[in-house]
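To start, the structure under review is shown below, and the notes come after it.
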Amino acid sequence: MIDLKLARDDPDRLRASQRIRGADESAVDRLLAADDARRAAVARTDALRAEQKTLGRSIAQAGPDERAALLARAKHLADEVKAAEAELAETDEALRAGQLAMPNIVEDGVPPGDEDDFVTLDVVGTPPVIENPRDHTEIGAALRAIDTERGAKVSGARFYFLTGVGAQLEFALVNLAMQQATAAGFVPIVAPALVKPEIMEGTGFLGAHASEVYRLADDDLYLVGTSEVALAGYHSDEILDPGDLPLRYAGFSSCFRREAGSYGKDTRGIIRVHWFDKVEMFSYVRTGDAADEHRRLLAWEREFMDKLEFAYRVIDVAAGDLGSSAARKFDIEAWFPSQGTYRELTSTSNCTTFQARRLNIRTRGESGNEPVATLNGTLCAVARTIACLLDHHQQPDGSVYVPVALRPWLGGREVLTPA
RNA sequence: GGAGGCUUCGCCUAGUCCGGUCUAUGGCGCCGCACUGCUAAUGCGGUUUGGGUCUCAAGCCCAUCCCGGGUUCGAAUCCCGGAGCCUCCGCCA
């Protein structure tokens, strides 16, 4: 949700943000008009209510003869109040709708443009050179680690079973990620995968990308696409003690994505699936600390990539490719030899106060309560990470090299070989 | 799924039957001040949240007694619907 005060004080900043995103600039003016209308309605309603209150007190104290006259006036006044309240409710809703529709204000320095206009911040490691690389689907099948055929039989396209060493890989990755996060001071959390509509809306996932989200109509619940949703909702409607900030959580949950509109993309294997498990970092910080925290989340993501011994690059996502809640987003893309390219493995977003305003999460500031900033970052999206692991670390003999950091969680194995 | 009970401004609580200075009581905690030769005791004051007004502050105005409707000139209080929590029963990993 957009900061109304800022919108009033500096509408040009908001317009510029809309422009760089490729969003509607005139929405800013409609928002300001809606705010004016609401303010007028508030003033009218308040005045009428005050009068009604005074009159009511007089009636309580009045003698029987005065009473009749006062009651007549009060009756009329009640109608006026009712009308004013109706108008207030209307303008209120219009303003709220306008605020909810507007995406977050883009941070200074975000590259302009669209999906392909990202800026590469860093390139780490050397992509392995492999002759005739096999993709993870093939390797996974050979290791009996990934069963996409039975996944399709049981659940449909974009579903899979992790079996044997594949299942062990999931637990190994989750354990490694949780161990790292806990050591860094994150509170580990196992979060619900189903959430209420207001939580889903509060995190900004019901905007432009609502069709990406699974909804259980019978129960009016949504399946989360990331545990970010539940972790953001965790402190909704709360006032956080400034001394407790920053609050850092590492959430584990299943994630569900409809992948509507991605027909034909990554149809093979488990790079793009309807369901996967993920360890997600989530931070609540004071607004002034948000940019620094964003860099820290990125650093933790890089640490994890380093542990998996991946060659990767870090990109600064362009404004036109930002989600509605993000003011800035950094992705890490790891090298997939079979595709000869970098593919996204993690993503970290600074949502500034966008989610906190919608979810009513505040802290005590110097001049009263103020919204906090929320940030999220992938530590390990399991399925895609397994896909990269098999692809990236495949050996000429058909085995798969196990990164050193992962070995303790896999019984010390140094390579995975087909049975 | 069934039956019953509960929900008040951080926590506990009075008030709800019988609608009107409830502009919500008291305790605890917390903050400030005073005092006492110590950071203890005592006294005094303050302490829900959101919005508006205001150069700032103070002050003032409106809303807020779980949420949403309704009745009424007027609702913490009456009526309807919903949510959450607790107890018991049923079912279930």
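For the structure tokens, the naming scheme is as follows: chains receive sequential letters (A, B, ...) according to their order of presentation, residues are indexed from 1 within each chain, and ligands are indexed from 1 in presentation order.
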- Task: Write out as number ranges by chain the residues lying within 12 Å of C86 in chain B, counting only C-alpha atoms (C1' of nucleotides) and excluding same-chain residues fewer than 2 positions away.
- Result: B: 4-7, 84, 88
Print the selection's residues with C-alpha atoms (C1' of nucleotides) to a file, as a PDB file, in the first residue's frame.
ATOM      1  C1'   G B   4     -22.329 -24.933  26.311  1.00  0.00           C
ATOM      2  C1'   G B   5     -19.254 -20.848  28.144  1.00  0.00           C
ATOM      3  C1'   C B   6     -16.216 -16.719  27.135  1.00  0.00           C
ATOM      4  C1'   U B   7     -14.047 -12.050  24.260  1.00  0.00           C
ATOM      5  C1'   G B  84     -11.470 -16.451  17.795  1.00  0.00           C
ATOM      6  C1'   C B  88     -17.369 -31.597  26.776  1.00  0.00           C
TER       7        C B  88
END
- Message: Which of range 10-183 of chain A end up as alpha helix (DSSP H) when DSSP is run on this backbone - answer as a ChimeraX atom specification?
- Response: /A:11-21,26-61,64-101,136-142,148-155,165-183
Output as an mmCIF file with C-alpha atoms (C1' of nucleotides), in the first residue's frame the set of chain B residues within 9 Å of chain A, with distances taken over only C-alpha atoms (C1' of nucleotides).
data_model
loop_
_atom_site.group_PDB
_atom_site.id
_atom_site.type_symbol
_atom_site.label_atom_id
_atom_site.label_comp_id
_atom_site.auth_asym_id
_atom_site.auth_seq_id
_atom_site.Cartn_x
_atom_site.Cartn_y
_atom_site.Cartn_z
ATOM 1 C "C1'" G B 20 -28.483 8.176 28.198
ATOM 2 C "C1'" U B 21 -22.179 12.833 31.671
ATOM 3 C "C1'" G B 51 -7.761 9.558 11.861
ATOM 4 C "C1'" G B 52 -8.432 14.947 11.630
ATOM 5 C "C1'" C B 61 -12.732 17.129 17.284
ATOM 6 C "C1'" C B 62 -14.289 12.123 15.382
ATOM 7 C "C1'" A B 63 -14.093 6.962 15.683
ATOM 8 C "C1'" C B 73 -32.912 10.514 18.881
ATOM 9 C "C1'" G B 74 -28.979 7.658 21.466
#
Which polymer residues have any atom within 8 Å of an atom of range 169-180 of chain A, counting only C-alpha atoms (C1' of nucleotides), with same-chain residues fewer than 6 positions away left out, as an mmCIF file with N, CA and C atoms, in the first residue's frame?
data_model
loop_
_atom_site.group_PDB
_atom_site.id
_atom_site.type_symbol
_atom_site.label_atom_id
_atom_site.label_comp_id
_atom_site.auth_asym_id
_atom_site.auth_seq_id
_atom_site.Cartn_x
_atom_site.Cartn_y
_atom_site.Cartn_z
ATOM 1 N N PRO A 188 14.142 -20.256 13.062
ATOM 2 C CA PRO A 188 13.551 -21.217 12.129
ATOM 3 C C PRO A 188 12.044 -21.347 12.353
ATOM 4 N N ALA A 250 13.498 -17.741 9.271
ATOM 5 C CA ALA A 250 13.760 -18.639 8.157
ATOM 6 C C ALA A 250 12.599 -19.620 8.103
ATOM 7 N N LYS A 278 10.459 -24.923 0.050
ATOM 8 C CA LYS A 278 11.408 -23.812 0.008
ATOM 9 C C LYS A 278 11.750 -23.344 1.409
ATOM 10 N N VAL A 279 13.021 -22.955 1.577
ATOM 11 C CA VAL A 279 13.439 -22.260 2.798
ATOM 12 C C VAL A 279 13.611 -20.799 2.423
ATOM 13 N N PHE A 304 25.110 -19.355 0.412
ATOM 14 C CA PHE A 304 24.517 -20.678 0.161
ATOM 15 C C PHE A 304 24.921 -21.205 -1.219
ATOM 16 N N LEU A 379 16.391 -18.767 0.356
ATOM 17 C CA LEU A 379 17.639 -19.408 0.727
ATOM 18 C C LEU A 379 17.793 -20.672 -0.115
ATOM 19 N N CYS A 380 16.726 -21.456 -0.179
ATOM 20 C CA CYS A 380 16.806 -22.633 -1.039
ATOM 21 C C CYS A 380 15.432 -23.062 -1.532
ATOM 22 N N VAL A 382 13.895 -25.822 -3.184
ATOM 23 C CA VAL A 382 14.490 -27.159 -3.224
ATOM 24 C C VAL A 382 14.495 -27.791 -4.618
ATOM 25 N N ALA A 383 13.355 -27.852 -5.267
ATOM 26 C CA ALA A 383 13.282 -28.602 -6.531
ATOM 27 C C ALA A 383 14.250 -28.027 -7.564
ATOM 28 N N ILE A 386 17.851 -28.761 -6.691
ATOM 29 C CA ILE A 386 18.221 -30.146 -7.022
ATOM 30 C C ILE A 386 18.490 -30.252 -8.523
ATOM 31 N N ALA A 405 29.905 -29.208 1.448
ATOM 32 C CA ALA A 405 29.023 -28.770 2.531
ATOM 33 C C ALA A 405 27.795 -29.661 2.677
ATOM 34 N N LEU A 406 27.442 -30.327 1.609
ATOM 35 C CA LEU A 406 26.230 -31.149 1.613
ATOM 36 C C LEU A 406 26.488 -32.567 2.132
ATOM 37 N N TRP A 409 25.152 -34.284 5.335
ATOM 38 C CA TRP A 409 23.714 -34.556 5.360
ATOM 39 C C TRP A 409 23.366 -35.731 4.445
ATOM 40 N N LEU A 410 24.395 -36.264 3.755
ATOM 41 C CA LEU A 410 24.151 -37.374 2.832
ATOM 42 C C LEU A 410 25.042 -38.565 3.184
#
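Here CA of Tyr160 in chain A and CA of Ala311 in chain A stand 26.2 Å from one another.
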- Shell around range 84-100 of chain A at 9 Å using only C-alpha atoms (C1' of nucleotides), local window under 3 positions removed, as number ranges by chain: A: 1-4, 27-28, 30-35, 37-42, 44-45, 48, 79-81, 103, 201-202, 204, 207, 358
- Message: I'd like the contact shell of Gly251 in chain A - 8 Å cut-off, only C-alpha atoms (C1' of nucleotides), skipping same-chain residues fewer than 5 positions apart - returned as a list in words.
- Response: Pro188, Ile189, Val190, Ala191, Ser227, Glu228, Leu231, Lys278, Val279, Glu280, Met281 and Phe282 of chain A
C-alpha atoms of the current selection, written as a PDB file, in the first residue's frame:
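As written to disk, result.pdb reads:
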ATOM      1  CA  PRO A 188      13.551 -21.217  12.129  1.00  0.00           C
ATOM      2  CA  ILE A 189       9.853 -21.509  11.357  1.00  0.00           C
ATOM      3  CA  VAL A 190       7.639 -24.124   9.777  1.00  0.00           C
ATOM      4  CA  ALA A 191       4.851 -22.058   8.274  1.00  0.00           C
ATOM      5  CA  SER A 227       6.286 -18.866   2.771  1.00  0.00           C
ATOM      6  CA  GLU A 228       6.954 -15.131   2.516  1.00  0.00           C
ATOM      7  CA  LEU A 231       5.914 -14.955   7.417  1.00  0.00           C
ATOM      8  CA  LYS A 278      11.408 -23.812   0.008  1.00  0.00           C
ATOM      9  CA  VAL A 279      13.439 -22.260   2.798  1.00  0.00           C
ATOM     10  CA  GLU A 280      12.795 -18.546   2.782  1.00  0.00           C
ATOM     11  CA  MET A 281      14.447 -15.736   4.730  1.00  0.00           C
ATOM     12  CA  PHE A 282      12.216 -12.947   5.936  1.00  0.00           C
TER      13      PHE A 282
END
I'd like a table as a Markdown table: residues in range 89-179 of chain A with an atom no more than 10 Å from range 387-404 of chain A, each row giving the shortest atom pair and its distance in Å to one decimal, only C-alpha atoms counted, sorted by chain and rising residue number.
| residue | atom | partner | partner_atom | distance |
| --- | --- | --- | --- | --- |
| A:Pro127 | CA | A:His392 | CA | 8.3 |
| A:Pro128 | CA | A:His392 | CA | 7.1 |
| A:Val129 | CA | A:His392 | CA | 9.5 |
| A:Ile130 | CA | A:Pro396 | CA | 7.4 |
| A:Glu131 | CA | A:Pro396 | CA | 7.8 |
| A:Asn132 | CA | A:Pro396 | CA | 9.0 |
| A:Pro133 | CA | A:Asp391 | CA | 7.7 |
| A:Arg134 | CA | A:Asp391 | CA | 7.0 |
| A:Asp135 | CA | A:Asp391 | CA | 5.6 |
| A:His136 | CA | A:Asp391 | CA | 5.1 |
| A:Thr137 | CA | A:Ala387 | CA | 7.6 |
| A:Glu138 | CA | A:Asp391 | CA | 9.4 |
| A:Ile139 | CA | A:Leu390 | CA | 6.6 |
| A:Gly140 | CA | A:Leu390 | CA | 7.2 |
| A:Ala142 | CA | A:Gly398 | CA | 8.6 |
| A:Leu143 | CA | A:Ser399 | CA | 8.5 |
| A:Ala145 | CA | A:Leu390 | CA | 9.9 |
| A:Ile146 | CA | A:Ala387 | CA | 9.4 |
| A:Leu169 | CA | A:Leu389 | CA | 9.6 |
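Taking C1' of A76 in chain B and C1' of G50 in chain B as endpoints, the distance between them is 18.9 Å.
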According to DSSP computed on the backbone, where in range 86-331 of chain A is there strand (DSSP E)? Give the residues as a compact mmCIF listing (two decimals) with C-alpha atoms, in the first residue's frame.
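selection_15.txt written:
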# COMPACT_ATOMS: atom_id res chain seq x y z
CA VAL A 119 22.16 -5.18 -14.75
CA THR A 120 24.71 -7.85 -13.88
CA LEU A 121 26.23 -6.99 -10.50
CA ASP A 122 28.65 -9.86 -10.19
CA VAL A 123 29.74 -13.07 -11.87
CA VAL A 124 31.13 -15.77 -9.59
CA ILE A 146 13.29 -37.80 -9.68
CA ASP A 147 10.20 -39.47 -11.07
CA PHE A 161 8.15 -37.53 -6.93
CA LEU A 162 11.52 -37.22 -5.25
CA VAL A 187 14.47 -17.99 13.90
CA PRO A 188 13.55 -21.22 12.13
CA ILE A 189 9.85 -21.51 11.36
CA VAL A 190 7.64 -24.12 9.78
CA LEU A 194 -2.77 -22.07 3.43
CA VAL A 195 -3.62 -18.48 4.33
CA TYR A 214 -4.32 -21.41 -6.12
CA ARG A 215 -7.55 -20.68 -4.29
CA LEU A 216 -9.67 -23.09 -2.30
CA LEU A 221 -8.26 -19.94 1.60
CA TYR A 222 -5.27 -19.55 -0.66
CA LEU A 223 -2.29 -21.84 -1.18
CA GLU A 238 1.02 -5.96 15.61
CA ILE A 239 3.15 -3.15 16.97
CA LEU A 240 6.70 -4.49 17.15
CA LEU A 247 13.33 -9.72 13.37
CA ARG A 248 14.62 -12.46 11.10
CA TYR A 249 12.78 -15.67 10.27
CA ALA A 250 13.76 -18.64 8.16
CA GLY A 251 10.54 -20.27 7.04
CA PHE A 252 10.09 -23.69 5.56
CA SER A 253 6.93 -24.54 3.69
CA SER A 254 5.56 -26.06 0.55
CA CYS A 255 4.89 -23.57 -2.22
CA PHE A 256 2.22 -23.79 -4.87
CA TRP A 275 4.54 -27.51 -6.05
CA PHE A 276 7.92 -27.41 -4.34
CA ASP A 277 9.39 -26.84 -0.90
CA LYS A 278 11.41 -23.81 0.01
CA VAL A 279 13.44 -22.26 2.80
CA GLU A 280 12.80 -18.55 2.78
CA MET A 281 14.45 -15.74 4.73
CA PHE A 282 12.22 -12.95 5.94
CA SER A 283 13.20 -9.76 7.79
CA TYR A 284 11.31 -7.05 9.60
CA VAL A 285 13.48 -3.93 9.97
CA TYR A 312 26.46 -18.01 -10.76
CA ARG A 313 25.76 -14.40 -11.45
CA VAL A 314 23.93 -11.75 -9.46
CA ILE A 315 21.54 -9.45 -11.26
CA ASP A 316 19.75 -6.24 -10.40
CA ARG A 328 14.09 -3.50 -5.66
CA LYS A 329 14.97 -7.09 -6.43
CA PHE A 330 18.22 -9.01 -6.79
CA ASP A 331 18.23 -12.45 -8.37
- Query: From the list A:Val229, A:Ala381, A:Ala318, A:Ala356, which residue is nearest Glu344 in chain A when using only C-alpha atoms?
  - Reply: A:Ala381
- Message: Between CA of Gly151 in chain A and CA of Tyr342 in chain A, what distance in Å does the model show, to one decimal?
- Response: 26.2 Å
